[in-house]
$ cat model.txt   # compact mmCIF, C-alpha atoms
# COMPACT_ATOMS: atom_id res chain seq x y z
CA MET W 1 60.90 89.15 -8.00
CA SER W 2 60.96 91.33 -11.11
CA LEU W 3 61.19 89.87 -14.59
CA GLN W 4 64.55 91.58 -15.08
CA ALA W 5 65.97 89.77 -12.05
CA ILE W 6 65.24 86.29 -13.37
CA THR W 7 68.21 84.66 -15.05
CA LYS W 8 68.36 81.58 -17.23
CA ARG W 9 70.34 79.89 -14.47
CA GLN W 10 67.49 80.41 -11.99
CA ILE W 11 65.05 78.77 -14.39
CA ILE W 12 67.43 75.86 -14.95
CA ASP W 13 68.05 75.53 -11.21
CA ALA W 14 64.30 75.09 -10.69
CA VAL W 15 64.26 72.22 -13.20
CA ASN W 16 67.38 70.70 -11.67
CA GLY W 17 65.78 70.93 -8.24
CA PHE W 18 63.02 68.64 -9.49
CA ALA W 19 65.24 66.41 -11.65
CA PRO W 20 68.87 66.64 -10.49
CA LEU W 21 71.45 65.97 -13.18
CA SER W 22 72.97 63.38 -10.84
CA LEU W 23 70.02 61.13 -11.74
CA GLN W 24 70.89 60.90 -15.42
CA GLU W 25 72.26 57.71 -16.93
CA SER W 26 76.03 57.49 -17.51
CA TRP W 27 75.59 57.54 -21.30
CA ASP W 28 73.35 60.61 -21.28
CA ASN W 29 74.19 64.28 -21.91
CA SER W 30 71.56 66.22 -19.99
CA GLY W 31 72.45 69.75 -18.90
CA VAL W 32 73.37 73.02 -20.59
CA GLN W 33 73.88 72.42 -24.30
CA VAL W 34 74.47 75.90 -25.70
CA GLY W 35 74.83 79.48 -24.48
CA ASP W 36 75.41 81.76 -21.50
CA ILE W 37 72.97 80.93 -18.71
CA ASP W 38 73.89 83.80 -16.39
CA SER W 39 72.17 86.41 -18.55
CA ALA W 40 68.60 87.61 -17.97
CA CYS W 41 65.89 85.30 -19.27
CA THR W 42 63.28 86.87 -21.54
CA GLY W 43 61.11 83.76 -21.83
CA VAL W 44 61.27 79.97 -21.99
CA LEU W 45 60.18 77.66 -24.80
CA LEU W 46 59.63 73.99 -23.95
CA CYS W 47 60.01 71.10 -26.38
CA VAL W 48 60.88 67.43 -26.78
CA ASP W 49 63.59 67.94 -29.43
CA CYS W 50 65.48 71.16 -30.09
CA THR W 51 65.65 71.80 -33.85
CA PRO W 52 65.98 74.89 -36.08
CA VAL W 53 62.17 75.11 -36.11
CA ILE W 54 62.18 75.37 -32.31
CA ILE W 55 64.84 78.09 -32.37
CA ASP W 56 62.77 80.03 -34.89
CA GLU W 57 59.72 79.72 -32.64
CA ALA W 58 61.76 80.88 -29.66
CA ILE W 59 62.88 83.95 -31.61
CA ALA W 60 59.29 84.70 -32.67
CA ARG W 61 58.07 84.44 -29.05
CA GLY W 62 60.93 86.50 -27.63
CA CYS W 63 62.36 83.57 -25.65
CA ASN W 64 66.10 83.26 -25.14
CA LEU W 65 66.01 79.92 -23.30
CA VAL W 66 64.89 76.59 -24.75
CA ILE W 67 64.38 73.63 -22.43
CA SER W 68 64.13 70.29 -24.21
CA HIS W 69 63.71 66.71 -23.09
CA HIS W 70 66.18 65.15 -25.52
CA PRO W 71 69.72 66.61 -25.54
CA LEU W 72 70.62 68.69 -28.57
CA LEU W 73 74.23 67.52 -28.27
CA PHE W 74 74.34 63.78 -27.89
CA ARG W 75 77.05 62.59 -30.25
CA GLY W 76 80.33 64.50 -30.38
CA LEU W 77 80.64 67.30 -32.94
CA LYS W 78 83.92 67.52 -34.86
CA HIS W 79 82.85 70.63 -36.74
CA ILE W 80 79.97 73.12 -36.75
CA CYS W 81 79.14 74.09 -40.32
CA PRO W 82 75.85 75.34 -41.76
CA GLY W 83 73.95 72.88 -43.90
CA ASN W 84 75.97 69.92 -42.70
CA SER W 85 73.49 68.44 -40.18
CA LEU W 86 70.33 69.35 -38.30
CA MET W 87 72.30 69.41 -35.05
CA GLU W 88 74.92 71.80 -36.37
CA ASP W 89 72.30 74.08 -37.94
CA THR W 90 70.47 74.23 -34.59
CA VAL W 91 73.63 75.08 -32.67
CA ILE W 92 74.55 77.84 -35.13
CA ARG W 93 71.08 79.34 -35.11
CA ALA W 94 70.86 79.25 -31.31
CA ILE W 95 74.25 80.89 -30.77
CA THR W 96 73.57 83.52 -33.44
CA ALA W 97 70.25 84.41 -31.80
CA GLY W 98 71.67 84.43 -28.27
CA ILE W 99 69.46 81.53 -27.23
CA SER W 100 70.61 79.08 -24.57
CA VAL W 101 69.55 75.44 -24.68
CA PHE W 102 69.17 73.12 -21.70
CA ALA W 103 68.07 69.48 -21.69
CA SER W 104 66.78 67.21 -18.96
CA HIS W 105 66.57 63.73 -20.41
CA THR W 106 67.08 60.65 -18.24
CA ALA W 107 67.28 62.93 -15.20
CA LEU W 108 63.61 63.80 -15.82
CA ASP W 109 62.87 60.16 -16.64
CA SER W 110 64.25 59.03 -13.28
CA ALA W 111 63.01 61.86 -11.05
CA ARG W 112 60.12 61.13 -8.75
CA GLY W 113 57.11 62.65 -10.51
CA GLY W 114 58.92 62.52 -13.87
CA ILE W 115 57.89 61.11 -17.24
CA SER W 116 56.62 57.66 -16.21
CA TRP W 117 54.85 59.05 -13.12
CA HIS W 118 53.13 61.64 -15.31
CA ILE W 119 52.06 59.00 -17.84
CA ALA W 120 50.52 56.95 -15.03
CA SER W 121 48.56 59.99 -13.86
CA MET W 122 47.37 60.71 -17.40
CA LEU W 123 46.06 57.15 -17.64
CA GLY W 124 44.29 57.39 -14.29
CA ALA W 125 46.61 54.95 -12.49
CA GLU W 126 48.31 55.40 -9.11
CA VAL W 127 52.05 54.71 -8.87
CA GLU W 128 52.97 51.96 -6.43
CA SER W 129 56.70 51.57 -6.98
CA VAL W 130 59.66 52.21 -9.28
CA LEU W 131 60.23 49.62 -11.99
CA SER W 132 64.02 49.94 -12.17
CA PRO W 133 65.15 51.73 -8.98
CA GLY W 134 67.97 54.27 -9.13
CA HIS W 135 70.68 54.98 -6.59
CA THR W 136 68.51 57.55 -4.79
CA GLU W 137 65.48 56.21 -2.93
CA GLY W 138 62.21 56.72 -4.81
CA THR W 139 63.87 57.45 -8.14
CA GLY W 140 64.58 55.31 -11.18
CA LEU W 141 63.34 54.40 -14.64
CA GLY W 142 59.74 53.31 -15.11
CA VAL W 143 56.97 52.73 -12.59
CA VAL W 144 54.49 50.12 -11.51
CA ALA W 145 51.01 51.59 -11.22
CA ARG W 146 47.52 50.33 -10.33
CA PHE W 147 44.10 51.14 -11.76
CA ALA W 148 41.29 51.64 -9.25
CA GLN W 149 39.00 49.69 -11.57
CA PRO W 150 40.47 46.89 -13.72
CA LEU W 151 40.40 47.33 -17.48
CA SER W 152 40.18 44.84 -20.31
CA CYS W 153 43.00 44.76 -22.84
CA THR W 154 40.87 46.51 -25.45
CA GLU W 155 39.75 49.15 -22.93
CA LEU W 156 43.37 49.84 -22.01
CA ALA W 157 44.43 50.15 -25.65
CA ALA W 158 41.56 52.56 -26.31
CA ARG W 159 42.45 54.64 -23.25
CA ILE W 160 46.09 54.84 -24.35
CA LYS W 161 45.15 55.99 -27.86
CA ASP W 162 42.73 58.59 -26.50
CA THR W 163 45.14 59.86 -23.83
CA PHE W 164 48.18 60.27 -26.09
CA GLY W 165 46.46 61.14 -29.35
CA SER W 166 48.02 58.15 -31.08
CA PRO W 167 46.05 56.65 -33.98
CA VAL W 168 47.54 53.23 -33.28
CA VAL W 169 48.88 51.19 -30.41
CA ARG W 170 51.13 48.26 -31.20
CA CYS W 171 50.21 45.49 -28.83
CA SER W 172 50.44 41.78 -28.18
CA ALA W 173 47.35 39.58 -28.49
CA PRO W 174 44.57 40.68 -26.10
CA THR W 175 43.53 38.16 -23.46
CA PRO W 176 40.45 37.94 -21.20
CA ARG W 177 42.62 38.62 -18.17
CA PRO W 178 41.65 41.92 -16.42
CA ILE W 179 44.38 44.53 -16.04
CA SER W 180 44.73 46.13 -12.63
CA ARG W 181 48.50 46.65 -12.54
CA ILE W 182 50.56 48.18 -15.35
CA GLY W 183 54.26 48.79 -15.85
CA ILE W 184 55.10 52.08 -17.56
CA CYS W 185 58.28 53.51 -19.02
CA GLY W 186 58.27 56.65 -21.16
CA GLY W 187 60.47 56.36 -24.24
CA SER W 188 62.43 53.21 -25.08
CA GLY W 189 61.76 50.72 -22.31
CA GLY W 190 61.73 47.21 -23.73
CA GLU W 191 64.58 46.19 -21.43
CA PHE W 192 62.28 46.50 -18.41
CA ILE W 193 59.61 44.04 -19.61
CA PRO W 194 60.97 41.23 -17.39
CA ALA W 195 60.88 43.58 -14.40
CA ALA W 196 57.24 44.40 -15.12
CA ILE W 197 56.40 40.70 -15.27
CA SER W 198 58.24 40.08 -11.99
CA ALA W 199 56.31 42.96 -10.39
CA GLY W 200 53.02 41.21 -11.19
CA CYS W 201 51.95 43.60 -13.95
CA GLN W 202 49.35 42.32 -16.38
CA ALA W 203 50.26 45.02 -18.93
CA TYR W 204 53.25 47.14 -19.91
CA LEU W 205 53.48 50.43 -21.81
CA CYS W 206 56.58 51.90 -23.45
CA SER W 207 57.84 52.75 -26.92
CA ASP W 208 60.36 51.28 -29.39
CA THR W 209 59.51 47.70 -28.39
CA ARG W 210 61.34 45.16 -30.54
CA TYR W 211 59.54 42.50 -32.55
CA HIS W 212 61.34 39.79 -30.60
CA ASP W 213 60.10 41.27 -27.32
CA PHE W 214 56.54 40.70 -28.53
CA VAL W 215 57.49 37.13 -29.47
CA ASP W 216 59.30 36.40 -26.22
CA TYR W 217 56.96 38.06 -23.73
CA GLY W 218 53.61 38.67 -25.47
CA LYS W 219 51.94 35.62 -23.96
CA ARG W 220 53.01 36.51 -20.43
CA ILE W 221 52.04 40.20 -20.34
CA PHE W 222 49.89 42.48 -22.51
CA LEU W 223 52.48 44.64 -24.25
CA THR W 224 51.40 48.06 -25.48
CA ASP W 225 53.66 50.34 -27.49
CA ILE W 226 53.11 53.93 -28.61
CA GLY W 227 55.45 56.24 -30.47
CA HIS W 228 58.50 57.62 -28.71
CA PHE W 229 57.32 61.21 -29.23
CA GLU W 230 53.82 60.50 -27.94
CA SER W 231 55.18 58.88 -24.79
CA GLU W 232 57.48 61.78 -23.93
CA GLU W 233 55.59 64.86 -25.11
CA CYS W 234 54.32 65.21 -21.54
CA ALA W 235 57.83 66.46 -20.65
CA LYS W 236 56.67 69.89 -21.81
CA GLN W 237 53.85 69.89 -19.26
CA ILE W 238 56.18 68.73 -16.49
CA PHE W 239 58.66 71.51 -17.27
CA TYR W 240 55.79 74.00 -17.44
CA ASN W 241 54.49 72.97 -14.03
CA ILE W 242 57.94 73.23 -12.41
CA ILE W 243 58.76 76.67 -13.81
CA SER W 244 55.29 78.10 -13.24
CA GLU W 245 55.38 77.05 -9.59
CA PHE W 246 58.59 79.03 -8.96
CA PHE W 247 57.93 81.88 -11.41
CA PRO W 248 54.12 82.14 -11.72
CA ASN W 249 54.05 85.29 -13.84
CA PHE W 250 56.92 84.42 -16.14
CA ALA W 251 56.63 83.83 -19.90
CA VAL W 252 56.75 80.05 -20.40
CA TYR W 253 55.49 78.44 -23.59
CA LYS W 254 54.98 74.86 -24.73
CA SER W 255 56.08 74.64 -28.35
CA GLU W 256 53.26 74.78 -30.87
CA SER W 257 55.48 74.28 -33.91
CA GLU W 258 56.94 70.94 -32.83
CA ARG W 259 55.61 67.93 -34.72
CA ASN W 260 56.13 64.21 -34.39
CA SER W 261 58.72 63.18 -36.98
CA ILE W 262 56.86 59.88 -37.47
CA ASN W 263 53.64 59.98 -39.48
CA TYR W 264 50.87 57.38 -39.64
CA LEU W 265 49.29 56.83 -43.05

$ encode --input "model.txt" --output "structure tokens"
Amino acid sequence: MSLQAITKRQIIDAVNGFAPLSLQESWDNSGVQVGDIDSACTGVLLCVDCTPVIIDEAIARGCNLVISHHPLLFRGLKHICPGNSLMEDTVIRAITAGISVFASHTALDSARGGISWHIASMLGAEVESVLSPGHTEGTGLGVVARFAQPLSCTELAARIKDTFGSPVVRCSAPTPRPISRIGICGGSGGEFIPAAISAGCQAYLCSDTRYHDFVDYGKRIFLTDIGHFESEECAKQIFYNIISEFFPNFAVYKSESERNSINYL
């Protein structure tokens, strides 16, 4: 297949084949966000959040398709005016540059082999089951995974920091209990802590865990929490793997300009 024959829709179809939009949560807005997707694709830029900086990078790299994890359009827009909001500025810049934007959010979270599966693999754990099963067999939010060799709480925290490049891990009080089974949910996943406990997990990893979750559950399971961005940055690698498998010689880039909006001082 020649480069000229590849359309944006074909690229998006490959992603949707892995993570069908039917898997997304009812409140989500995955899918095409901006632009004509039936035109030829000159290159793809992958990111977690689509912002004006991402659009500028896409322009510089000659890419006219951006695939993000988080939707660009999440809350309804009543107007699109420059300088009014980051979202509106991004939409204007994308349309002006002829760049289409597509997002796969909770569809990618729930797909078999998606965010939580990838996190488990990064940590060296093997997925056993889905934490919160979806309507389609084998899909859903979060996973239960097992380590071949049990880890101590401090060893797990160190592995998480090293794996995700996070300078800190918020966690409950370490205990002497060895950790062989861990619940994992990329992004905000505090609501699934009880499910992880019920599944026999000795530890749980997610982001955006509330203080009261640590109070309520910290003595029953070793809670570990990293930043939302750190837990979902692997979306770029998942997208890259999908597209490269179908279009091995195509120009696909993981954003190098994207930065975590949260800093640690």

$ closest_residue --input "model.txt" --among "W:Asn64, W:Ser152, W:Thr224, W:Asn29" --to "Cys206 in chain W" --atoms "all atoms listed in the file"
W:Thr224

$ atom_distance --input "model.txt" --atom1 "CA of Ile184 in chain W" --atom2 "CA of Arg112 in chain W"
13.6 Å

$ atom_distance --input "model.txt" --atom1 "CA of Ile55 in chain W" --atom2 "CA of Thr96 in chain W"
10.3 Å

$ atom_distance --input "model.txt" --atom1 "CA of Glu126 in chain W" --atom2 "CA of Asp225 in chain W"
19.8 Å

$ closest_residue --input "model.txt" --among "W:Gly98, W:Pro71, W:Gly190, W:Pro82" --to "Cys41 in chain W" --atoms "all atoms listed in the file"
W:Gly98

$ residues_near_point --input "model.txt" --point "(62.6, 78.9, -38.3)" --cutoff "12 Å" --atoms "all atoms listed in the file" --output "number ranges by chain"
W: 50-61, 89-90, 93-94, 97, 257-258

$ write_last_selection --input "model.txt" --atoms "C-alpha atoms" --output "PDB file, in the frame of the given file"
ATOM      1  CA  CYS W  50      65.480  71.160 -30.090  1.00  0.00           C
ATOM      2  CA  THR W  51      65.650  71.800 -33.850  1.00  0.00           C
ATOM      3  CA  PRO W  52      65.980  74.890 -36.080  1.00  0.00           C
ATOM      4  CA  VAL W  53      62.170  75.110 -36.110  1.00  0.00           C
ATOM      5  CA  ILE W  54      62.180  75.370 -32.310  1.00  0.00           C
ATOM      6  CA  ILE W  55      64.840  78.090 -32.370  1.00  0.00           C
ATOM      7  CA  ASP W  56      62.770  80.030 -34.890  1.00  0.00           C
ATOM      8  CA  GLU W  57      59.720  79.720 -32.640  1.00  0.00           C
ATOM      9  CA  ALA W  58      61.760  80.880 -29.660  1.00  0.00           C
ATOM     10  CA  ILE W  59      62.880  83.950 -31.610  1.00  0.00           C
ATOM     11  CA  ALA W  60      59.290  84.700 -32.670  1.00  0.00           C
ATOM     12  CA  ARG W  61      58.070  84.440 -29.050  1.00  0.00           C
ATOM     13  CA  ASP W  89      72.300  74.080 -37.940  1.00  0.00           C
ATOM     14  CA  THR W  90      70.470  74.230 -34.590  1.00  0.00           C
ATOM     15  CA  ARG W  93      71.080  79.340 -35.110  1.00  0.00           C
ATOM     16  CA  ALA W  94      70.860  79.250 -31.310  1.00  0.00           C
ATOM     17  CA  ALA W  97      70.250  84.410 -31.800  1.00  0.00           C
ATOM     18  CA  SER W 257      55.480  74.280 -33.910  1.00  0.00           C
ATOM     19  CA  GLU W 258      56.940  70.940 -32.830  1.00  0.00           C
TER      20      GLU W 258
END

$ closest_residue --input "model.txt" --among "W:Ala40, W:Leu65, W:Ile238, W:Val91" --to "Leu77 in chain W" --atoms "all atoms listed in the file"
W:Val91

$ closest_atom_pairs --input "model.txt" --of "range 67-159 of chain W" --to "range 232-235 of chain W" --cutoff "10 Å" --atoms "only C-alpha atoms" --output "JSON lines"
{"residue": "W:Ile67", "atom": "CA", "partner": "W:Ala235", "partner_atom": "CA", "distance": 9.9}
{"residue": "W:Ser68", "atom": "CA", "partner": "W:Ala235", "partner_atom": "CA", "distance": 8.2}
{"residue": "W:His69", "atom": "CA", "partner": "W:Ala235", "partner_atom": "CA", "distance": 6.4}
{"residue": "W:His70", "atom": "CA", "partner": "W:Glu232", "partner_atom": "CA", "distance": 9.5}
{"residue": "W:Ser104", "atom": "CA", "partner": "W:Ala235", "partner_atom": "CA", "distance": 9.1}
{"residue": "W:His105", "atom": "CA", "partner": "W:Ala235", "partner_atom": "CA", "distance": 9.2}
{"residue": "W:Leu108", "atom": "CA", "partner": "W:Ala235", "partner_atom": "CA", "distance": 8.0}
{"residue": "W:Asp109", "atom": "CA", "partner": "W:Ala235", "partner_atom": "CA", "distance": 9.0}
{"residue": "W:Gly114", "atom": "CA", "partner": "W:Ala235", "partner_atom": "CA", "distance": 7.9}
{"residue": "W:Ile115", "atom": "CA", "partner": "W:Ala235", "partner_atom": "CA", "distance": 6.3}
{"residue": "W:Ser116", "atom": "CA", "partner": "W:Glu232", "partner_atom": "CA", "distance": 8.8}
{"residue": "W:His118", "atom": "CA", "partner": "W:Cys234", "partner_atom": "CA", "distance": 7.3}
{"residue": "W:Ile119", "atom": "CA", "partner": "W:Cys234", "partner_atom": "CA", "distance": 7.6}
{"residue": "W:Met122", "atom": "CA", "partner": "W:Cys234", "partner_atom": "CA", "distance": 9.3}

$ write_last_selection --input "model.txt" --atoms "C-alpha atoms" --output "JSON list (two decimals), keeping the file's coordinate frame"
[["chain", "number", "residue", "atom", "x", "y", "z"],
["W", 67, "ILE", "CA", 64.38, 73.63, -22.43],
["W", 68, "SER", "CA", 64.13, 70.29, -24.21],
["W", 69, "HIS", "CA", 63.71, 66.71, -23.09],
["W", 70, "HIS", "CA", 66.18, 65.15, -25.52],
["W", 104, "SER", "CA", 66.78, 67.21, -18.96],
["W", 105, "HIS", "CA", 66.57, 63.73, -20.41],
["W", 108, "LEU", "CA", 63.61, 63.80, -15.82],
["W", 109, "ASP", "CA", 62.87, 60.16, -16.64],
["W", 114, "GLY", "CA", 58.92, 62.52, -13.87],
["W", 115, "ILE", "CA", 57.89, 61.11, -17.24],
["W", 116, "SER", "CA", 56.62, 57.66, -16.21],
["W", 118, "HIS", "CA", 53.13, 61.64, -15.31],
["W", 119, "ILE", "CA", 52.06, 59.00, -17.84],
["W", 122, "MET", "CA", 47.37, 60.71, -17.40]]

$ closest_residue --input "model.txt" --among "W:Thr163, W:Thr175, W:Ser188, W:Gln202" --to "Val144 in chain W" --atoms "only C-alpha atoms"
W:Gln202

$ closest_residue --input "model.txt" --among "W:Glu245, W:Asp162, W:Asp13, W:Asp49" --to "Leu86 in chain W" --atoms "all atoms listed in the file"
W:Asp49

$ closest_residue --input "model.txt" --among "W:Ala148, W:Gly62, W:Ser30, W:Pro174" --to "Leu45 in chain W" --atoms "only C-alpha atoms"
W:Gly62

$ residues_around --input "model.txt" --residues "Trp117 in chain W" --least-positions-apart "5" --cutoff "8 Å" --atoms "all atoms listed in the file" --output "PyMOL selection string"
chain W and resi 112+127+142-143

$ write_last_selection --input "model.txt" --atoms "C-alpha atoms" --output "PDB file, in the frame of the given file"
ATOM      1  CA  ARG W 112      60.120  61.130  -8.750  1.00  0.00           C
ATOM      2  CA  VAL W 127      52.050  54.710  -8.870  1.00  0.00           C
ATOM      3  CA  GLY W 142      59.740  53.310 -15.110  1.00  0.00           C
ATOM      4  CA  VAL W 143      56.970  52.730 -12.590  1.00  0.00           C
TER       5      VAL W 143
END

$ residues_near_point --input "model.txt" --point "(61.1, 39.6, -13.8)" --cutoff "12 Å" --atoms "all atoms listed in the file" --output "ChimeraX atom specification"
/W:131-132,183,191-201,217,220-221

$ residues_around --input "model.txt" --residues "His228 in chain W" --least-positions-apart "2" --cutoff "7 Å" --atoms "all atoms listed in the file" --output "compact mmCIF listing (two decimals) with C-alpha atoms, keeping the file's coordinate frame"
# COMPACT_ATOMS: atom_id res chain seq x y z
CA GLY W 187 60.47 56.36 -24.24
CA SER W 188 62.43 53.21 -25.08
CA SER W 207 57.84 52.75 -26.92
CA ASP W 208 60.36 51.28 -29.39
CA ILE W 226 53.11 53.93 -28.61
CA GLU W 230 53.82 60.50 -27.94
CA SER W 231 55.18 58.88 -24.79
CA GLU W 232 57.48 61.78 -23.93
